[in-house]
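S.K.: Have a look at the structure that comes next, please.
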Amino acid sequence: MATLIKTRLIKIGNSRGLRIPAVLLEQLQLTDLVEIEVGDDHLIIRRGKPPRAGWAEAFQHMAAQVDDRLLLPDTGLNQWEETEWEW
């Protein structure tokens, strides 16, 4: 059964905020990062995915498909790197 809680929007500068009760935060395991999606007449709030989530699996899949080659040739150090860059 879905949990229904009524709350009010609060003014934050020129925007409005929504206080999410602790019981919902715990139930949904929401932390600082969330994703908000608009659907018809409702908002969908879900746990946010950390940056680069799923990259490791995608790279493993690419390697298994032998699709992990360099797109540009590796030409080694260029003249600027050899003379100007401080290692």
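Labeling convention for the structure tokens: chains A, B, ... as they appear, residues from 1 per chain, ligands from 1 in order of appearance.
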Check chain A with DSSP on the backbone and list each residue it calls strand (DSSP E), as an NGL selection string.

M.R.: :A and (9-12 or 15-18 or 34-39 or 42-47)

S.K.: Just give me the gap between atom CA of Ile45 of chain A and atom CA of Gly13 of chain A in Å, one decimal is fine.

M.R.: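 If I compute the distance from atom CA of Ile45 of chain A to atom CA of Gly13 of chain A, I get 21.6 Å.
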
S.K.: When distances are computed from only C-alpha atoms, which of A:Lys11, A:Arg52, A:Arg47, A:His42 shows the smallest separation from Leu24 of chain A?

M.R.: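 Between A:Lys11, A:Arg52, A:Arg47, A:His42, the residue approaching Leu24 of chain A most closely is A:Arg47.
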
S.K.: Per DSSP on the backbone, what are the helix (DSSP H, G or I) residues of segment 3-83 of chain A, as a VMD selection string?

M.R.: chain A and resid 22 to 28 55 to 64 79 to 83

S.K.: Could you jot down the atom CA of Arg8 of chain A to atom CA of Ile20 of chain A separation for me, Å, one decimal place?

M.R.: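 If I compute the distance from atom CA of Arg8 of chain A to atom CA of Ile20 of chain A, I get 10.0 Å.
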